[in-house]
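These notes are about the structure you will find just below.
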Amino acid sequence: MTQLPATTAKKLGLVIDLDTCVGCQACVTACKGWNDQGYGVPLSDQSPYGSDPSGTFLNRVHSYEVQPEAGPAQIVNFPRSCLHCEDAPCVTVCPTGASYKRAEDGIVLVNEDACIGCGLCAWACPYGARELDAAAGVMKKCTLCVDRIYNENLPEEDREPACVRTCPTGARHFGDFADPTSHVSRLAAERGGFDLMPEMATKPTNKYLPPRKKAAPDEASLLAPLLDVQATGFAGWLDRVLGKI
Amino acid sequence: MSLSQPVVDTSPSVSDEVRKTTCYMCACRCGINVHLKSGKVSYIEGNRDHPINKGVLCGKGASGIKQITAPSRLSQPLRRVGPRGSGAFEPISWDEALELAVAWMKPLRETAPEKLAFFTGRDQSQSLTGFWAQGFGTPNYAAHGGFCSVNMAAGGIYTMGGAFWEFGAPDWERTKMFVLFGVAEDHDSNPIKIGIGKLKDRGAKIVSVNPIRTGYNAVADDWLPVTPGTDGLLILSLIHCLLEAGKVDLGYLAQFTNAAYLVDSTDGPTKGLFVKNAESQPFVIDRRTGMPAPWDGKGVEPDLGAVWQGHRTVFQHMAERYLSPDYAPETVAAAVGIPAARIRGLAADLARVAFDEAIVLDREWTDFRGNVHQTMPGRPVSFHAMRGISAHSNGFQTARALHLLQIVLGAVETPGSWRMKPPYPKPVEAHPTPHFEAVPGKPLSGPHLGYVRSPEQLALKADGSPARIDKGFSWENPFSAHGLMHMVIPNAAAGDPYRIDTLFLYMANMAWNSSMNTEKVMEMLTAKGEDGEYVIPRIIYSDAYASETVAYADLILPDTTYVERHDCISLLDRPISEPDAAGDAIRWPVVEPDRDVRGFQSVLIDLGARLGLPGFVTPEGKPLYRDYADYIANHQRRPGVGPLMGFRGNGDLTGRGAPNPDQVQRYIENGSFFQAHVPEEAAFYKPWNAAYQDWAVAMGFYESPQPYLFSIWSEPMRRFQLAAEGHGHPQPPDALRERLKVAMDPLPLWYPPYGETAGAAYPIHALTQRPMHMYHSWGSQNAWLRQITGKNYLYVPTKIWREQGFRDGDWARVTSPSGTITVPVAHMAALNENTVWTWNAIGKRRGAWALDKDATEGTKGFLLNHLINELLPEQGDGMRWSNSDPVTGQAAWFDLRVRIERVEPQAIVQPNFPTLPFPGGRA
Amino acid sequence: MHPAPSVIVFTVLSGLGFGFLTYLNLGLILPQGLGGFLAFAIGYAFAIGGLIASTFHLGHPERAIRAFTQWRTSWLSREGWAAVLALLATAPVALGAMGGARPGLLGLIAALLCLATIGCTSMIYAQLKTVPRWNHWTTPALFFAFALTGGAILSDLAVLSAVLSLGLTALLAVAFAQGERRFAEAGASLASATGLGAIGQVRVFEQAHTAGNYLLREMIHVVGRKHARKLQTIALIATVLPAAILLLLPGGLVTVLLALAAHLTGAFAARWLFFAQAEHVVGTYYGKR
Ligand SMILES: Nc1nc2c(c(=O)[nH]1)N[C@H]1C(S)=C(S)[C@@H](COP(=O)(O)OP(=O)(O)OC[C@H]3O[C@@H](n4cnc5c(=O)[nH]c(N)nc54)[C@H](O)[C@@H]3O)O[C@H]1N2
Ligand SMILES: Nc1nc2c(c(=O)[nH]1)N[C@H]1C(S)=C(S)[C@@H](COP(=O)(O)OP(=O)(O)OC[C@H]3O[C@@H](n4cnc5c(=O)[nH]c(N)nc54)[C@H](O)[C@@H]3O)O[C@H]1N2
Ligand code: SF4
Ligand code: SF4
Ligand code: SF4
Ligand code: SF4
Ligand code: SF4
Ligand SMILES: [Mo]
C-alpha cells in the first residue's frame, strides 16, 4: 500500500509552538510511555543501565541556539517527531507495503507485521522521524496516537495524542488541517506556521510556530522623575508624591 | 498484494484498572492515573481533575514506570559489615533492624536526647518527622530547607507573611507582565509551566532575569543576563526609579503595610524600633486628624508623610534610602551587568503595566478595619523567584528587596498580581518560635523550627553556645527557619558545638550531590577518632534506592517507592493549595511492594511506639497507630485538626472535625486529593480581608483572625541590629557584630555575596541549574531519563571560550578556592559573559544507582559540589564562617567563583572515587 | 550514512554478477559446455550472493517475500522483481549456452532485465532526496559503470574493459568532486531544518539525547576528511589499474584475476565511500553531516 492516497478526507497533525516549548521533555517520555504498551511492539531500550544506553523514541526534543544579527543569542527548544507528510517519501520507498498513509485521516503508519526492517523508509525521511527498533527489528514511528484519538475506551477529552495531553505549557496542538476553521489551521495561519525543510518537497502536515520576536523594552526612559530630587531635596519630593493621594 | 489498508484497532482496551494517586517523581505532587494490567503498572498519565497538574505530567512524571521498576531499588534492611563507605552490607530482618535502631536510640533518649540528630531531605512528611523528633526530645531536627531555599521562605514570611517557593503563585489568569528572577524549574514545576502556557496564549509579557537563557528563560520575551549575586542591587535600583517618578502605590502602602508606622529616632536601645502606644502597639498618624490612631482603626487614613515628636515614618526612611544616587541605574549598571537604560526601561514597563493597565474586579469586600470596598483594584504585574536569588549569601535581603518591589507596586494579593496559597498568608507572629531544650526522657516543649523575633528566642545554651548541632538559630544565622542541613555532618565531625552519637537521615543524598565539599564529607563520614571509633558513631539511613549515601550508613531502612505506600501531603506541611483553594492529598499503595521494604513513615511510627515516644503510644504504652494510614486518619495536632482537612467527622466536615476512620478511603475515591475553595469575596487581599480571615479560622489554619501589615521595615531584624550595636541581652560574639549590623538591616539592602572574598584569582561565576526532566539524583536510575541526559558539560560563554581557545570536545580544569575538577566543556552564547554553568546532580559516583561502573554518569558526568566549600575562607581572627546566608543560614551554592583552563580531552572526569558495589549484593 | 558491510558487499557483488550476466546474455562472449556452465554459475553466484548478503541488513529477513508487493512505487521492490526475472530469464540462455546455442532474443530480454536490476539498485539510492550526494545522475551512472566494467573484465574483453575502466575512473572523479557540493546544492541546512534561519545563525545547543540512537548509528557517519581523500585516491587508482593490466600484460586467467582484484578493490573502496561520505539531511538536526 505504498501508493499515497490522492487525497485524504482529514489531515490530522500537530502544531508545535516554538515560542512556548520550554524543553521539558514531557512529550518525549509520555510518548514513550504510551507507545511502549500501545500500538505495535514495545519501544525497546538496549543496555538501559549500561555505559552506552540506547533506545527507541518516537519524539525527541532538541535545543538550538540562535544568534540574531543584533541582540543576545536565544535558545529554542525543538520537538521533532513524524510530520505525517502529504507527499511522504517514507511510504513510497517501502518495498513491502508496511508503510502507508491512511486515506481517511492522512496518518502515516507502519504495519509492523509486514515490515521487513529494511530501513529504507528511515533513509527516505528527512526528519529522522523513524527509528528501527533494535529488539523487534521493525520500524517504529509516531502513530499520531491512532490508538488514542479514536479510542472509545478513553473519555472523549482524552482522545488526543499522549504528547499533546501531557504538554504542560500547551505548546502542542492536535487537529485537522483539512478543516480551515480548526484550531490548528487557525493557529498555523495566524502565527505563521511553517514547514520544516520545504526543499525536500514532502509537504508536512505538522506545522511549527516560530518564536515571537524577542524585544527589549523601549530603551528610552519612560519614567520621567517627578521632579529633580537633587534640586528640591527629599522634602520637595515627599510633598510632590504625597500630594498625589 | 492487497490494495486496501490494514485494519487498525483504534479502540484497544487501555488497561484493566485505573488507580488515582499522587506523583512523586518530584516534590510538585501532581495527580496521576496509574493504569494496571494484570496487577502490574502499565501506564501512568496525569489526572485531569487534579488541581496541581490538570492532567499534564512533566518528563519525570511520565516516566515514573521506569522509576518504580528500577534495578536500583533496595530490597531488604541492611546492616553494615565492611568499613563505612565500602558498601559492604548483610541483609537482616525488619525485626532485627528495628531492634538495632531502638538499641541505639533508646539510651540516648534516656540520657542525652540531643545526641540523636534526625535530618530529612526531600520528603513531604515533615509534620510527622518533626512531631517524632519533638517526641524524642532532640533539638537536632530539620528538613532540607536550609540548603534549599530558606532565604525565599524566610524573606517572604518576614516581609509579607507568605513566600514564593510553592506557597504562592502569579494570578495566571489576569497578569499582564510576569518577571522571573533566577528560576530554572522550581517545586511548582507543572503549575509554572501551565501558567507560562496561559501567558503565552494571552500574549502577556514574560521577562527573565537570569544569567542563563534556557527553559522558562528561553521562552521569555525579554532577557536580562544579570551578574550572579547582584539581583538585590538591580531590584533596589528599580525601586529607585519608581520612587523617583512617584510610581508607587501610596494607598496600598498606607493601608496594608507598615509604611506609616513611626520609627523611633531616640538614640539608645529603642532606636529604630516602632514607636508604641501604652498598649505596646505601634500606631499611625491619621491624615484626617493629624493625631495618633490605631493601625487597625476603622476609617483611619494612615499618613505616610507624618513626623511625630521627631519620629518619621517607615515610608520616609525607605524613600530616603532608595532615592539615594547609590541606587541610580547609572551607579549600579556595571555591577549588575545590565545597561542603565535597560534598568530604567524595565522600571518603566513595570510602572506602565501596574498603573496604566491596572485592572478592577467588581467584587465587594470588607477589610479588617471594617472599611467596605466596592471593588478589588489590581496591579497586573507578577513576579516569581527562586534559588537564583536565594542560593546566595545575600539572598535573604535580596528576597526582601524583591518583595518590597512587589509591595511598592501594590502587586501582592491584588488581582493580576502575585497571590498566596492557603494556609498563607500567615504573619511571622502566627508562627512558632524555635524549641530546643533537651531534657533526658522528655519530649521537646514545642516544635523545633520557627520564626525568631528577637535575640532572646535564639537557640542558645546558657553559655551562649549553639544548642543545635547545625548551629541553627544562633548568632551565625539567627533566622534559620529551616535549619542548616548542610552543616550537620561537618559540625558533627568537628564536634563543634558538640559531638553526637547517632545520625538518622531520611531521603537525603548527603554523601554526594546534596553536600558541599562532597569529598570532604565522605571523609568526615568515615573519619575515626583516636579510640578507633567513628567520629560520628552511628548512622541510620532510609533510602528507597542504591544512592551514594547508602554506602555510608550502618543501618539501612529500605523504603518503598511512591506507588507502594501511604503518604500525606498535608496543610500542616507543604500542601497542594492554589490561591483559590486549600488543597491536600495522599498517596496510597496502588501496588504492593515485591520486596521486603516498608514505607518509612510507618517504620518511624513503629520506632516511635517501640521507643515509647509521646504521641505514638497509648497511656498503657501500646502502639497508638497501626501504620501511617492509621496515623493520617486519626492523629490530631490540635483538637479537630489533623493531617488531612477533607472528609472529617462523618465525612461531611472540612478543615475542623473529629477524625474519620474512613478518611483515607474517601480520599482514594476522590482521586487522592481534596480541595476547599476560598469564597469569591475572600479570594484577594487575603491578609486584610475579613471574609478570608474568617474562612481561615473556620478551616483551622489559626484560632482567631490574624490580619497584619506587610513589614517594609522589619522590627525583628532591627532588634538584632540593636544587639550588634551593644544593646540588650543576649549579646553576639564580637567577631559577628559588624556582619550582623549589615545583614540585619531592617530595610532591604544589598551587599556583595561572600563568595566575592575568593578574590580576583577566581573571576568567573559558576552555577548549576536543574534539568526539567531530572529530579536531583533520582533521574539517573531511570532508563528513559538517563538517555536524555546521561552526562553533563560545563557551559562556557563565548568570551571565555575564545580567550581560552576552546574547541568542541575539549575539557577544562576548573579551580575554586577549595578544589579542582576536570570536566568536559561546551560552548553557549546565551549566557552571562562571566558565568559558566552545568546541570545539577547528573554526575554520579561510579557503581551507585545500580548503573554500570562505566556509565557516562560516572565517567563524563560531574558535580560542581566538589568546588563548593561549606566554610568560607578564614577571617582575620582565624574564624571560618559557614558558606551560608548570615541571616537564615541558607547554603550559598551560587556564590561559587572559579577560574578555568583548557585541557586536552580526557577519558574520565576528576575527581573520581572507588566504584561502589550494590548494597547487600544482588539477589 | 553508515557503511554497512552487508550492503556494500551486496551492491558490489550483485552489480558485478548482473554486469557479467549481461555480457553472457548478449552473447558478447560465448563460453560453451562446462565453460559456459561455469561462467553462468559465476554470474549467478555473484548476483545471488549479493542478494543474500543484502538480507543480513534486514530486521525480518523471513518476511522478505513481501518486498515484491510494492513495485508500483518502490525501487527496492522493483529491484526484487527485476532480479528474479533477470535470473529466471537467464536460465534458458544459460542452458542453451551449455548446449552451444546462441542467446538470441531471449538473451537480449535477459540482458535488459540484468541492466534493469542494476538500474533499480542504483535508483534505491539515487531517488533519495534526503541524501543529496546520491540524489544525482552520477549514482546510476556509477552503478552501471561498475557493473559493466566488472562484467567486461570477468568476460575477458580486454579492450572494452580498458575503455570502460578509464571511463569509470573519470566518472568516479566527477562524482567525487560533485559530491562535495551536493549537500549545499540541495539546500538542506540547520536553518531550513529548524525554520529558525530567519532569526539568525542556528547552532546545536544540546542534542535531544546524550545517549546514542538508531539515527545516529544509521544515518550520521562522520568520516575524517584526510581518511576520505586517501580512500578516494585508492579508488581512483584501483579502478584505472585494470586498463593498464589488461593492456600491458599478456592475456590469461592470471591477468584477468589481477585486473578483477584491482577493480574490486576500487569498487569496494568507492562503495564504502559512497555510503560513508553520503550525508543524510537528518544530520543537520544533530549539527553533524
Ligand atoms: N525538575 C526538577 N525540578 C525541581 C528540582 C529538581 O531537581 N529537578 N528540585 C527542586 C528543588 S529541591 C528546588 S530547591 C527547586 C529549585 O528550583 P530553581 O530555583 O528553579 O533552581 P535552580 O535550577 O537551581 O535554578 C536556579 C536558577 O537561578 C539562576 N541563577 C543563579 N544565580 C543567579 C543570580 O544571581 N541571579 C539570578 N537572577 N539568577 C541566578 C540559574 O541560572 C538558574 O536558572 O526546584 C525543585 N524542582
Ligand atoms: N551544586 C549544587 N548542589 C545542590 C544544589 C544546587 O543547586 N547545586 N541544590 C541543593 C538543593 S536546593 C537541594 S534540595 C538538595 C537536594 O537534596 P537531596 O534531597 O539530598 O537530593 P536527592 O538527590 O533528591 O536525594 C534524595 C535521596 O532520597 C532518595 N529517595 C528518593 N525517593 C525516595 C523515597 O521514596 N523514599 C526514601 N526513603 N528515599 C527516597 C534518593 O534515592 C536520594 O538518595 O541538593 C542541593 N545540592
Ligand atoms: S511537553 Fe511541551 S513544553 Fe515540554 S518539551 Fe514537549 S512540546 Fe516542549
Ligand atoms: S516525517 Fe518522515 S516518516 Fe513522517 S511522513 Fe514525513 S517523511 Fe514520513
Ligand atoms: S523498514 Fe519496514 S516500513 Fe520501512 S521501508 Fe522497510 S519494510 Fe517498509
Ligand atoms: S502523537 Fe503519539 S506517537 Fe506521535 S509523538 Fe505524540 S505521543 Fe508520540
Ligand atoms: S512535576 Fe512532574 S515529577 Fe513532579 S509531581 Fe508533577 S508530574 Fe510528577
Ligand atoms: Mo531544594
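Residues are named by chain letter and number: chains run A, B, ... in the order of the C-alpha cells, numbers start at 1 in each chain, and ligands are numbered from 1 in the order shown.
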(request) Find the spatial neighbours of Glu180 in chain C, counting only C-alpha atoms, within a cut-off of 12 Å - ignore same-chain residues fewer than 4 positions away - and output them as number ranges by chain. (result) C: 132-134, 173-176, 184-186, 225, 228-229, 274, 277-279, 289
(request) Would you mind listing what lies within 9 Å of Tyr498 in chain B as a ChimeraX atom specification, with only C-alpha atoms counted and same-chain residues fewer than 5 positions away left out? (result) /B:115,468-469,491-492
(message) Just want the 7 Å neighbourhood of range 14-24 of chain A, counted on only C-alpha atoms, with same-chain residues fewer than 4 positions away dropped. Output as number ranges by chain.
(response) A: 61, 76-78, 169, 171-175, 184, 206-212; B: 58-59, 197, 200, 215-216, 219, 772-773
(request) Collect all residues with atoms no farther than 7 Å from ligand 7, counting only C-alpha atoms and all ligand atoms, and output them as a PyMOL selection string. (result) chain B and resi 23-30+53+57-62+188-190
Those residues with all heavy atoms, as a short mmCIF file (atom, residue, chain, number, x, y, z; two decimals), in the first residue's frame please?
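Heads up, here's the output in result_8.cif:
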data_model
loop_
_atom_site.label_atom_id
_atom_site.label_comp_id
_atom_site.auth_asym_id
_atom_site.auth_seq_id
_atom_site.Cartn_x
_atom_site.Cartn_y
_atom_site.Cartn_z
N CYS B 23 1.83 11.74 42.16
CA CYS B 23 3.18 11.53 41.63
C CYS B 23 4.22 11.89 42.69
O CYS B 23 4.00 12.75 43.52
CB CYS B 23 3.37 12.40 40.39
SG CYS B 23 4.97 12.16 39.60
N TYR B 24 5.34 11.16 42.65
CA TYR B 24 6.47 11.60 43.47
C TYR B 24 7.76 11.40 42.71
O TYR B 24 8.73 10.88 43.24
CB TYR B 24 6.49 10.88 44.81
CG TYR B 24 7.43 11.52 45.80
CD1 TYR B 24 7.84 12.85 45.66
CD2 TYR B 24 7.94 10.82 46.88
CE1 TYR B 24 8.70 13.43 46.55
CE2 TYR B 24 8.80 11.40 47.79
CZ TYR B 24 9.18 12.71 47.62
OH TYR B 24 10.03 13.29 48.52
N MET B 25 7.73 11.80 41.45
CA MET B 25 9.00 11.86 40.74
C MET B 25 9.67 13.18 41.08
O MET B 25 10.81 13.42 40.74
CB MET B 25 8.78 11.75 39.23
CG MET B 25 8.30 10.37 38.80
SD MET B 25 9.55 9.11 39.00
CE MET B 25 10.69 9.58 37.72
N CYS B 26 8.92 14.07 41.72
CA CYS B 26 9.49 15.27 42.30
C CYS B 26 8.53 15.76 43.36
O CYS B 26 7.50 15.14 43.61
CB CYS B 26 9.79 16.35 41.25
SG CYS B 26 8.48 17.54 40.92
N ALA B 27 8.84 16.90 43.96
CA ALA B 27 8.03 17.38 45.07
C ALA B 27 6.85 18.24 44.63
O ALA B 27 6.22 18.89 45.45
CB ALA B 27 8.91 18.15 46.04
N CYS B 28 6.52 18.22 43.35
CA CYS B 28 5.42 19.07 42.87
C CYS B 28 4.05 18.48 43.20
O CYS B 28 3.09 19.19 43.39
CB CYS B 28 5.57 19.28 41.36
SG CYS B 28 4.31 20.34 40.64
N ARG B 29 3.98 17.15 43.28
CA ARG B 29 2.79 16.44 43.75
C ARG B 29 1.59 16.53 42.83
O ARG B 29 0.49 16.91 43.22
CB ARG B 29 2.44 16.91 45.17
CG ARG B 29 3.56 16.63 46.12
CD ARG B 29 3.67 17.64 47.19
NE ARG B 29 3.87 18.96 46.65
CZ ARG B 29 3.73 20.06 47.34
NH1 ARG B 29 3.37 20.02 48.58
NH2 ARG B 29 3.94 21.23 46.77
N CYS B 30 1.82 16.17 41.59
CA CYS B 30 0.74 16.14 40.61
C CYS B 30 -0.11 14.89 40.80
O CYS B 30 0.36 13.88 41.31
CB CYS B 30 1.33 16.14 39.20
SG CYS B 30 2.35 17.58 38.90
N ASN B 53 -1.93 19.73 38.45
CA ASN B 53 -1.44 19.50 37.08
C ASN B 53 -2.52 19.43 36.03
O ASN B 53 -2.22 19.45 34.84
CB ASN B 53 -0.60 18.22 37.03
CG ASN B 53 -1.34 16.99 37.51
OD1 ASN B 53 -2.05 17.03 38.52
ND2 ASN B 53 -1.20 15.91 36.79
N LEU B 57 1.56 15.94 32.76
CA LEU B 57 2.68 15.42 33.54
C LEU B 57 3.95 15.98 32.93
O LEU B 57 3.99 16.26 31.74
CB LEU B 57 2.76 13.89 33.48
CG LEU B 57 1.71 13.07 34.22
CD1 LEU B 57 2.07 11.59 34.11
CD2 LEU B 57 1.64 13.47 35.68
N CYS B 58 4.98 16.08 33.73
CA CYS B 58 6.26 16.52 33.20
C CYS B 58 7.04 15.30 32.69
O CYS B 58 6.56 14.17 32.75
CB CYS B 58 7.05 17.25 34.27
SG CYS B 58 7.81 16.13 35.45
N GLY B 59 8.25 15.53 32.23
CA GLY B 59 9.05 14.43 31.70
C GLY B 59 9.34 13.36 32.75
O GLY B 59 9.46 12.18 32.42
N LYS B 60 9.47 13.78 34.00
CA LYS B 60 9.75 12.82 35.06
C LYS B 60 8.50 12.02 35.38
O LYS B 60 8.52 10.79 35.42
CB LYS B 60 10.22 13.55 36.33
CG LYS B 60 11.36 14.53 36.11
CD LYS B 60 11.73 15.30 37.37
CE LYS B 60 10.74 16.29 37.91
NZ LYS B 60 10.28 17.41 37.15
N GLY B 61 7.42 12.73 35.60
CA GLY B 61 6.18 12.06 35.98
C GLY B 61 5.77 11.03 34.94
O GLY B 61 5.30 9.94 35.29
N ALA B 62 5.96 11.36 33.68
CA ALA B 62 5.52 10.47 32.62
C ALA B 62 6.45 9.27 32.44
O ALA B 62 6.18 8.39 31.64
CB ALA B 62 5.39 11.25 31.30
N ASP B 188 7.11 24.12 41.93
CA ASP B 188 5.82 24.22 41.27
C ASP B 188 5.97 23.92 39.79
O ASP B 188 5.51 24.67 38.93
CB ASP B 188 5.30 25.66 41.44
CG ASP B 188 4.07 25.70 42.32
OD1 ASP B 188 3.67 24.64 42.80
OD2 ASP B 188 3.52 26.79 42.49
N SER B 189 6.63 22.81 39.52
CA SER B 189 7.04 22.52 38.14
C SER B 189 5.90 22.67 37.14
O SER B 189 5.95 23.49 36.23
CB SER B 189 7.58 21.10 38.05
OG SER B 189 8.61 20.94 38.98
N ASN B 190 4.88 21.85 37.31
CA ASN B 190 3.81 21.90 36.31
C ASN B 190 2.95 23.15 36.42
O ASN B 190 2.61 23.73 35.38
CB ASN B 190 2.99 20.62 36.35
CG ASN B 190 3.68 19.52 35.55
OD1 ASN B 190 4.41 19.81 34.60
ND2 ASN B 190 3.47 18.28 35.93
#
(message) Please find the residues of chain C near chain B - the criterion being any atom within 7 Å, counting only C-alpha atoms - and write them as a PyMOL selection string.
(response) chain C and resi 69+205+208-211
(request) Write out as a PyMOL selection string each polymer residue whose atoms come within 7 Å of range 122-125 of chain B, counting only C-alpha atoms; drop sequence neighbours fewer than 3 positions from it. (result) chain B and resi 128-129+144+507-508+568-569+574
Include N, CA, C and O atoms and write out the residues we just selected as a PDB file, in the first residue's frame.
ATOM      1  N   LEU B 128       5.099  14.882  60.295  1.00  0.00           N
ATOM      2  CA  LEU B 128       5.283  13.646  61.064  1.00  0.00           C
ATOM      3  C   LEU B 128       6.711  13.552  61.602  1.00  0.00           C
ATOM      4  O   LEU B 128       6.921  13.304  62.797  1.00  0.00           O
ATOM      5  N   THR B 129       7.700  13.764  60.754  1.00  0.00           N
ATOM      6  CA  THR B 129       9.079  13.582  61.213  1.00  0.00           C
ATOM      7  C   THR B 129       9.415  14.580  62.315  1.00  0.00           C
ATOM      8  O   THR B 129      10.088  14.244  63.297  1.00  0.00           O
ATOM      9  N   HIS B 144      15.257  19.657  54.670  1.00  0.00           N
ATOM     10  CA  HIS B 144      16.295  20.110  53.750  1.00  0.00           C
ATOM     11  C   HIS B 144      16.235  21.602  53.426  1.00  0.00           C
ATOM     12  O   HIS B 144      17.057  22.101  52.683  1.00  0.00           O
ATOM     13  N   MET B 507      16.102  10.144  53.235  1.00  0.00           N
ATOM     14  CA  MET B 507      15.867  10.691  51.901  1.00  0.00           C
ATOM     15  C   MET B 507      16.717  11.914  51.586  1.00  0.00           C
ATOM     16  O   MET B 507      16.209  12.945  51.155  1.00  0.00           O
ATOM     17  N   ALA B 508      18.001  11.811  51.868  1.00  0.00           N
ATOM     18  CA  ALA B 508      18.882  12.932  51.559  1.00  0.00           C
ATOM     19  C   ALA B 508      20.227  12.355  51.151  1.00  0.00           C
ATOM     20  O   ALA B 508      20.828  11.607  51.909  1.00  0.00           O
ATOM     21  N   CYS B 568       1.163  11.539  52.943  1.00  0.00           N
ATOM     22  CA  CYS B 568       0.163  12.550  53.241  1.00  0.00           C
ATOM     23  C   CYS B 568       0.738  13.922  52.913  1.00  0.00           C
ATOM     24  O   CYS B 568       1.771  14.317  53.453  1.00  0.00           O
ATOM     25  N   ILE B 569       0.087  14.620  52.023  1.00  0.00           N
ATOM     26  CA  ILE B 569       0.552  15.932  51.582  1.00  0.00           C
ATOM     27  C   ILE B 569      -0.368  16.938  52.250  1.00  0.00           C
ATOM     28  O   ILE B 569      -1.463  17.225  51.767  1.00  0.00           O
ATOM     29  N   ARG B 574       3.546  20.874  53.545  1.00  0.00           N
ATOM     30  CA  ARG B 574       3.611  21.559  52.259  1.00  0.00           C
ATOM     31  C   ARG B 574       2.456  21.058  51.408  1.00  0.00           C
ATOM     32  O   ARG B 574       2.590  20.108  50.669  1.00  0.00           O
TER      33      ARG B 574
END
(request) Enumerate as a PyMOL selection string the residues within 6 Å of ligand 6, counting only C-alpha atoms and all ligand atoms. (result) chain A and resi 31+58-59+81+142-145+161-163
(request) Starting from chain A, keep only residues with some atom at most 6 Å from an atom of chain C, counting only C-alpha atoms, and report them as a VMD selection string. (result) chain A and resid 53 to 54 60 to 68 92 to 96 116 to 118 124 126 to 128 131 137 196 to 197
(request) Determine which residues of range 103-180 of chain A receive a DSSP assignment of alpha helix (DSSP H), computed from the backbone, and state them as a list in words. (result)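 Matching residues, listed in order: Leu120, Cys121, Ala122, Trp123, Ala124, Val146, Asp147, Arg148, Ile149, Ala162, Cys163, Val164, Arg165 and Thr166 of chain A.
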(request) Would you kindly return, as a ChimeraX atom specification, each protein, DNA or RNA residue with an atom no farther than 12 Å from any atom of range 34-44 of chain B, considering only C-alpha atoms and excluding same-chain residues fewer than 3 positions away? (result) /A:29-38,42,162,166 /B:13-23,25,30-31,47,55-69,562-564,587-594,671-672
(request) Once DSSP has gone over the backbone, tell me which residues of range 157-271 of chain C are in strand (DSSP E), as a PyMOL selection string. (result) chain C and resi 201-206
(message) Using only C-alpha atoms and all ligand atoms, which residues have at least one atom no more than 7 Å from ligand 2? Output them as an MDAnalysis selection string.
(response) chainID B and resid 121:122 144:145 147:149 506:510 513:516 542:549 558:562 600 768:769 775:778 840:841 863:865 893
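Computed from the coordinates, the atom 44 (O, counted along the ligand's line) of ligand 1 to CA of Thr888 in chain B distance equals 21.5 Å.
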What are the closest atom pairs, with distances in Å to one decimal, for all residues of chain A lying within 10 Å of ligand 5? Consider only C-alpha atoms and all ligand atoms, order rows by chain and residue number, and present the result as CSV.
residue,atom,partner,partner_atom_place_in_ligand_line,distance
A:Thr2,CA,ligand 5,8 (Fe),8.7
A:Pro89,CA,ligand 5,5 (S),10.0
A:Cys90,CA,ligand 5,5 (S),6.8
A:Val91,CA,ligand 5,5 (S),7.2
A:Thr92,CA,ligand 5,5 (S),8.4
A:Val93,CA,ligand 5,5 (S),6.1
A:Cys94,CA,ligand 5,5 (S),3.6
A:Pro95,CA,ligand 5,8 (Fe),5.8
A:Thr96,CA,ligand 5,7 (S),5.1
A:Gly97,CA,ligand 5,8 (Fe),6.2
A:Ala98,CA,ligand 5,3 (S),4.8
A:Ser99,CA,ligand 5,3 (S),4.5
A:Tyr100,CA,ligand 5,3 (S),8.3
A:Leu109,CA,ligand 5,3 (S),8.4
A:Val110,CA,ligand 5,3 (S),5.5
A:Asn111,CA,ligand 5,3 (S),7.2
A:Glu112,CA,ligand 5,2 (Fe),7.2
A:Asp113,CA,ligand 5,2 (Fe),9.1
A:Ala114,CA,ligand 5,7 (S),6.8
A:Cys115,CA,ligand 5,2 (Fe),3.7
A:Ile116,CA,ligand 5,7 (S),4.4
A:Gly117,CA,ligand 5,1 (S),3.7
A:Cys118,CA,ligand 5,6 (Fe),3.9
A:Gly119,CA,ligand 5,1 (S),4.0
A:Leu120,CA,ligand 5,5 (S),4.5
A:Cys121,CA,ligand 5,5 (S),4.1
A:Ala122,CA,ligand 5,4 (Fe),6.4
A:Trp123,CA,ligand 5,5 (S),8.6
A:Ala124,CA,ligand 5,5 (S),8.6
A:Arg130,CA,ligand 5,4 (Fe),8.3
A:Glu131,CA,ligand 5,1 (S),9.0
A:Leu132,CA,ligand 5,1 (S),7.0
A:Asp133,CA,ligand 5,1 (S),9.9
A:Gly137,CA,ligand 5,1 (S),8.4
A:Val138,CA,ligand 5,2 (Fe),6.0
A:Met139,CA,ligand 5,1 (S),5.0
A:Lys140,CA,ligand 5,3 (S),8.2
A:Lys141,CA,ligand 5,3 (S),9.4
